[in-house]
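Novice: Sending over a structure as structure tokens; questions will come in a sec.
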Amino acid sequence: MSRQPKNYTINNIRSRFQTVAVDNKYQVYIEPNDTIYSAAAEAGMSKRFVDEDLGLFAIDAVLPGSSFADIEVVGDRQGITERIPFSRIYDDVTFTFLVDRKYNVIKFFESWMKTINPLFGESSAKADNIVATLNYPQNYKCRMSVVKFNKDFFTGNDSDRNALLCYDFLKAWPLSVASTPINYQGVNALKLNVTFRYNRYTMSEVTNATIRKGRKGTSDSFDFWLGNYENNYQTRTRSIKKDNAKTVSRNNTRLSRSELRKLPFNDPRRVAARRNPFVEQGF
């Protein structure tokens with residue numbers, strides 16, 4: 001049955017649209033690792049600035065999005081062309097930061113970029129014989145968060161305090177620090193645009209992980225590891241051990257370990273006795 005239109009009164013519509021979320025209530029958090037903290041300290045920034053002040057200078061942020069890369073599948077079903085996703089693509093995010101009077105915002109991100117691409121040489125960084133390398137990802141990737149809430153979050157009831165979104169960017173790093181124009185035409189606040197890339201993001205109370213389970217033989221592409229690992233492993237191991245015992249019994253009575261070692265290496269009884277259940281199944 002097709003859907004039928006529903007008649008809404010003006011008051012019913014108004015009550016819904018008076019409670020929509022606004023876009024100017026949010027906070028940004030950057031959680032650097034020890035390497036990034038050390039680079040910031042060398043540039044003259046305190047840990048308190050990085051933990052608290054830096055996020056407050058983010059005057060423009062985004063809630064992340066994602067998409068799927070898909071592939072066209074033809075012929076699986078006669079006359080049907082389908083598109084099947086095979087990978088999830090996470091969008092880069094660009095934040096705009098106000099630059100403080102001491103230019104610590106610019107210094108912080110430049111020190112972060114230096115952590116990604118350190119310079120090595122016997123003299124200053126301006127020398128001609130400098131070698132530039134790239135650091136290990138664990139040294140420059142960290143977690144970032146954007147918390148989106150409503151204007152009545154701090155004054156409302158418990159339900160209002162629960163109405164928030166928290167996005168965690170896992171293993172984030174600055175892809176680019178944009179050039180900042182300066183000029184003599186008027187007086188404007190200095191802003192810095194930074195584009196971040198990350199492995200993936202999670203949304204609190206929405207994104208979760210579960211144990212992968214299935215029933216043996218019902219997946220499209222059969223995989224032994226689908227299903228209950230412990231039960232499958234124990235069942236298959238017991239079955240293999242029974243087969244091994246039957247093989248030894250058929251050739252002769254059960255031999256002791258010392259008697260088996262006296263047999264030729266390729267003797268069927270010795271092969272059956274040393275058979276590994278994992279090797280038997282092709283692991």
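Every chain in the structure tokens takes a letter, A first, then B, and so on in the order presented; its residues are numbered from 1, and the ligands are numbered from 1 following the presented order.
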Restrict the calculation to only C-alpha atoms, then for each residue of segment 66-157 of chain A with any atom at most 6 Å from an atom of segment 163-178 of chain A give the closest atom pair and their distance in Å to one decimal, rows by chain and rising residue number, as JSON lines.

Specialist:
{"residue": "A:Lys141", "atom": "CA", "partner": "A:Lys171", "partner_atom": "CA", "distance": 4.7}
{"residue": "A:Cys142", "atom": "CA", "partner": "A:Lys171", "partner_atom": "CA", "distance": 4.7}
{"residue": "A:Arg143", "atom": "CA", "partner": "A:Leu170", "partner_atom": "CA", "distance": 5.0}
{"residue": "A:Met144", "atom": "CA", "partner": "A:Phe169", "partner_atom": "CA", "distance": 5.0}
{"residue": "A:Ser145", "atom": "CA", "partner": "A:Asp168", "partner_atom": "CA", "distance": 4.5}
{"residue": "A:Val146", "atom": "CA", "partner": "A:Tyr167", "partner_atom": "CA", "distance": 5.2}
{"residue": "A:Val147", "atom": "CA", "partner": "A:Cys166", "partner_atom": "CA", "distance": 4.4}
{"residue": "A:Lys148", "atom": "CA", "partner": "A:Leu165", "partner_atom": "CA", "distance": 5.0}
{"residue": "A:Phe149", "atom": "CA", "partner": "A:Leu164", "partner_atom": "CA", "distance": 4.5}

Novice: Can you spit out the residues from that selection as a compact mmCIF listing (two decimals), in the first residue's frame, using N, CA and C atoms?

Specialist:
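result-v6.txt written:
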# COMPACT_ATOMS: atom_id res chain seq x y z
N LYS A 141 50.05 11.20 14.51
CA LYS A 141 48.60 11.06 14.45
C LYS A 141 48.01 11.07 15.86
N CYS A 142 46.87 11.72 16.01
CA CYS A 142 46.25 11.79 17.32
C CYS A 142 44.73 11.82 17.16
N ARG A 143 44.04 11.96 18.26
CA ARG A 143 42.58 11.99 18.24
C ARG A 143 42.08 13.43 18.34
N MET A 144 41.03 13.72 17.57
CA MET A 144 40.34 15.00 17.63
C MET A 144 38.86 14.74 17.86
N SER A 145 38.19 15.72 18.44
CA SER A 145 36.76 15.57 18.72
C SER A 145 36.03 16.87 18.43
N VAL A 146 34.80 16.73 17.96
CA VAL A 146 33.89 17.86 17.81
C VAL A 146 32.61 17.50 18.55
N VAL A 147 32.24 18.32 19.52
CA VAL A 147 31.03 18.10 20.30
C VAL A 147 30.01 19.15 19.90
N LYS A 148 28.86 18.69 19.42
CA LYS A 148 27.77 19.60 19.00
C LYS A 148 26.63 19.49 20.00
N PHE A 149 26.20 20.66 20.52
CA PHE A 149 25.13 20.68 21.51
C PHE A 149 24.20 21.85 21.20

Novice: So that I can check the secondary structure, give me every residue of segment 53-133 of chain A assigned strand (DSSP E) by backbone DSSP, as a VMD selection string.

Specialist: chain A and resid 58 to 60 66 to 74 81 to 90 93 to 98 119 to 120 131 to 132

Novice: For those residues, write N, CA and C atoms to a file as a JSON list (two decimals), in the first residue's frame.

Specialist:
[["chain", "number", "residue", "atom", "x", "y", "z"],
["A", 58, "ALA", "N", 38.73, 27.76, 17.36],
["A", 58, "ALA", "CA", 38.14, 27.19, 16.13],
["A", 58, "ALA", "C", 36.78, 27.85, 15.91],
["A", 59, "ILE", "N", 36.75, 28.88, 15.06],
["A", 59, "ILE", "CA", 35.51, 29.62, 14.82],
["A", 59, "ILE", "C", 34.68, 29.01, 13.70],
["A", 60, "ASP", "N", 35.23, 28.05, 13.02],
["A", 60, "ASP", "CA", 34.49, 27.40, 11.93],
["A", 60, "ASP", "C", 34.92, 25.94, 11.89],
["A", 66, "SER", "N", 30.67, 10.98, 5.09],
["A", 66, "SER", "CA", 31.37, 9.87, 4.44],
["A", 66, "SER", "C", 30.54, 9.39, 3.26],
["A", 67, "SER", "N", 31.15, 8.60, 2.44],
["A", 67, "SER", "CA", 30.48, 8.03, 1.27],
["A", 67, "SER", "C", 31.06, 6.64, 1.01],
["A", 68, "PHE", "N", 30.47, 5.96, 0.06],
["A", 68, "PHE", "CA", 30.94, 4.62, -0.30],
["A", 68, "PHE", "C", 31.48, 4.62, -1.72],
["A", 69, "ALA", "N", 32.59, 3.93, -1.90],
["A", 69, "ALA", "CA", 33.07, 3.62, -3.24],
["A", 69, "ALA", "C", 32.43, 2.31, -3.66],
["A", 70, "ASP", "N", 31.81, 2.30, -4.83],
["A", 70, "ASP", "CA", 31.10, 1.10, -5.26],
["A", 70, "ASP", "C", 31.60, 0.64, -6.62],
["A", 71, "ILE", "N", 31.17, -0.53, -7.00],
["A", 71, "ILE", "CA", 31.56, -1.13, -8.26],
["A", 71, "ILE", "C", 30.31, -1.70, -8.94],
["A", 72, "GLU", "N", 30.30, -1.64, -10.25],
["A", 72, "GLU", "CA", 29.15, -2.14, -11.00],
["A", 72, "GLU", "C", 29.28, -3.65, -11.21],
["A", 73, "VAL", "N", 28.23, -4.35, -10.87],
["A", 73, "VAL", "CA", 28.21, -5.80, -11.00],
["A", 73, "VAL", "C", 27.14, -6.16, -12.02],
["A", 74, "VAL", "N", 27.56, -6.85, -13.08],
["A", 74, "VAL", "CA", 26.64, -7.23, -14.14],
["A", 74, "VAL", "C", 26.66, -8.74, -14.30],
["A", 81, "THR", "N", 21.54, -5.16, -13.36],
["A", 81, "THR", "CA", 22.81, -4.48, -13.11],
["A", 81, "THR", "C", 22.74, -3.86, -11.72],
["A", 82, "GLU", "N", 23.71, -4.18, -10.89],
["A", 82, "GLU", "CA", 23.73, -3.69, -9.52],
["A", 82, "GLU", "C", 25.02, -2.92, -9.26],
["A", 83, "ARG", "N", 24.97, -2.08, -8.24],
["A", 83, "ARG", "CA", 26.17, -1.41, -7.75],
["A", 83, "ARG", "C", 26.36, -1.81, -6.30],
["A", 84, "ILE", "N", 27.55, -2.35, -6.00],
["A", 84, "ILE", "CA", 27.85, -2.89, -4.68],
["A", 84, "ILE", "C", 28.97, -2.07, -4.04],
["A", 85, "PRO", "N", 28.79, -1.57, -2.81],
["A", 85, "PRO", "CA", 29.88, -0.84, -2.15],
["A", 85, "PRO", "C", 30.99, -1.79, -1.72],
["A", 86, "PHE", "N", 32.23, -1.30, -1.81],
["A", 86, "PHE", "CA", 33.36, -2.12, -1.38],
["A", 86, "PHE", "C", 34.30, -1.38, -0.44],
["A", 87, "SER", "N", 34.10, -0.08, -0.26],
["A", 87, "SER", "CA", 34.96, 0.67, 0.65],
["A", 87, "SER", "C", 34.25, 1.94, 1.09],
["A", 88, "ARG", "N", 34.50, 2.34, 2.33],
["A", 88, "ARG", "CA", 33.92, 3.57, 2.85],
["A", 88, "ARG", "C", 34.96, 4.68, 2.79],
["A", 89, "ILE", "N", 34.54, 5.84, 2.30],
["A", 89, "ILE", "CA", 35.44, 6.97, 2.12],
["A", 89, "ILE", "C", 35.04, 8.06, 3.10],
["A", 90, "TYR", "N", 35.99, 8.51, 3.90],
["A", 90, "TYR", "CA", 35.73, 9.56, 4.89],
["A", 90, "TYR", "C", 36.23, 10.89, 4.34],
["A", 93, "VAL", "N", 38.21, 17.15, 6.58],
["A", 93, "VAL", "CA", 37.52, 18.24, 7.28],
["A", 93, "VAL", "C", 38.46, 19.44, 7.39],
["A", 94, "THR", "N", 37.90, 20.63, 7.21],
["A", 94, "THR", "CA", 38.66, 21.88, 7.28],
["A", 94, "THR", "C", 38.12, 22.73, 8.42],
["A", 95, "PHE", "N", 38.99, 23.10, 9.34],
["A", 95, "PHE", "CA", 38.64, 23.97, 10.45],
["A", 95, "PHE", "C", 39.30, 25.32, 10.25],
["A", 96, "THR", "N", 38.60, 26.37, 10.66],
["A", 96, "THR", "CA", 39.14, 27.73, 10.61],
["A", 96, "THR", "C", 39.41, 28.20, 12.03],
["A", 97, "PHE", "N", 40.64, 28.63, 12.28],
["A", 97, "PHE", "CA", 41.05, 29.07, 13.62],
["A", 97, "PHE", "C", 41.37, 30.56, 13.60],
["A", 98, "LEU", "N", 40.89, 31.27, 14.63],
["A", 98, "LEU", "CA", 41.36, 32.62, 14.86],
["A", 98, "LEU", "C", 42.79, 32.56, 15.39],
["A", 119, "LEU", "N", 63.37, 17.82, 10.01],
["A", 119, "LEU", "CA", 64.60, 18.18, 9.29],
["A", 119, "LEU", "C", 65.81, 17.73, 10.10],
["A", 120, "PHE", "N", 66.83, 17.28, 9.40],
["A", 120, "PHE", "CA", 68.05, 16.82, 10.06],
["A", 120, "PHE", "C", 69.26, 17.47, 9.39],
["A", 131, "VAL", "N", 68.51, 17.50, 5.52],
["A", 131, "VAL", "CA", 67.82, 16.31, 5.01],
["A", 131, "VAL", "C", 66.42, 16.27, 5.62],
["A", 132, "ALA", "N", 65.41, 16.15, 4.77],
["A", 132, "ALA", "CA", 64.02, 16.09, 5.22],
["A", 132, "ALA", "C", 63.51, 14.66, 5.10]]

Novice: Given only C-alpha atoms as the basis, pick out the residue of A:Arg270, A:Arg200, A:Arg257, A:Lys151 nearest to Thr19 of chain A.

Specialist: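 Among the listed residues, A:Lys151 lies closest to Thr19 of chain A.
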
Novice: Looking at only C-alpha atoms, which of A:Asn11, A:Asn135, A:Asn104, A:Gln185 is the one that sits closest to Gly44 of chain A?

Specialist: A:Asn104
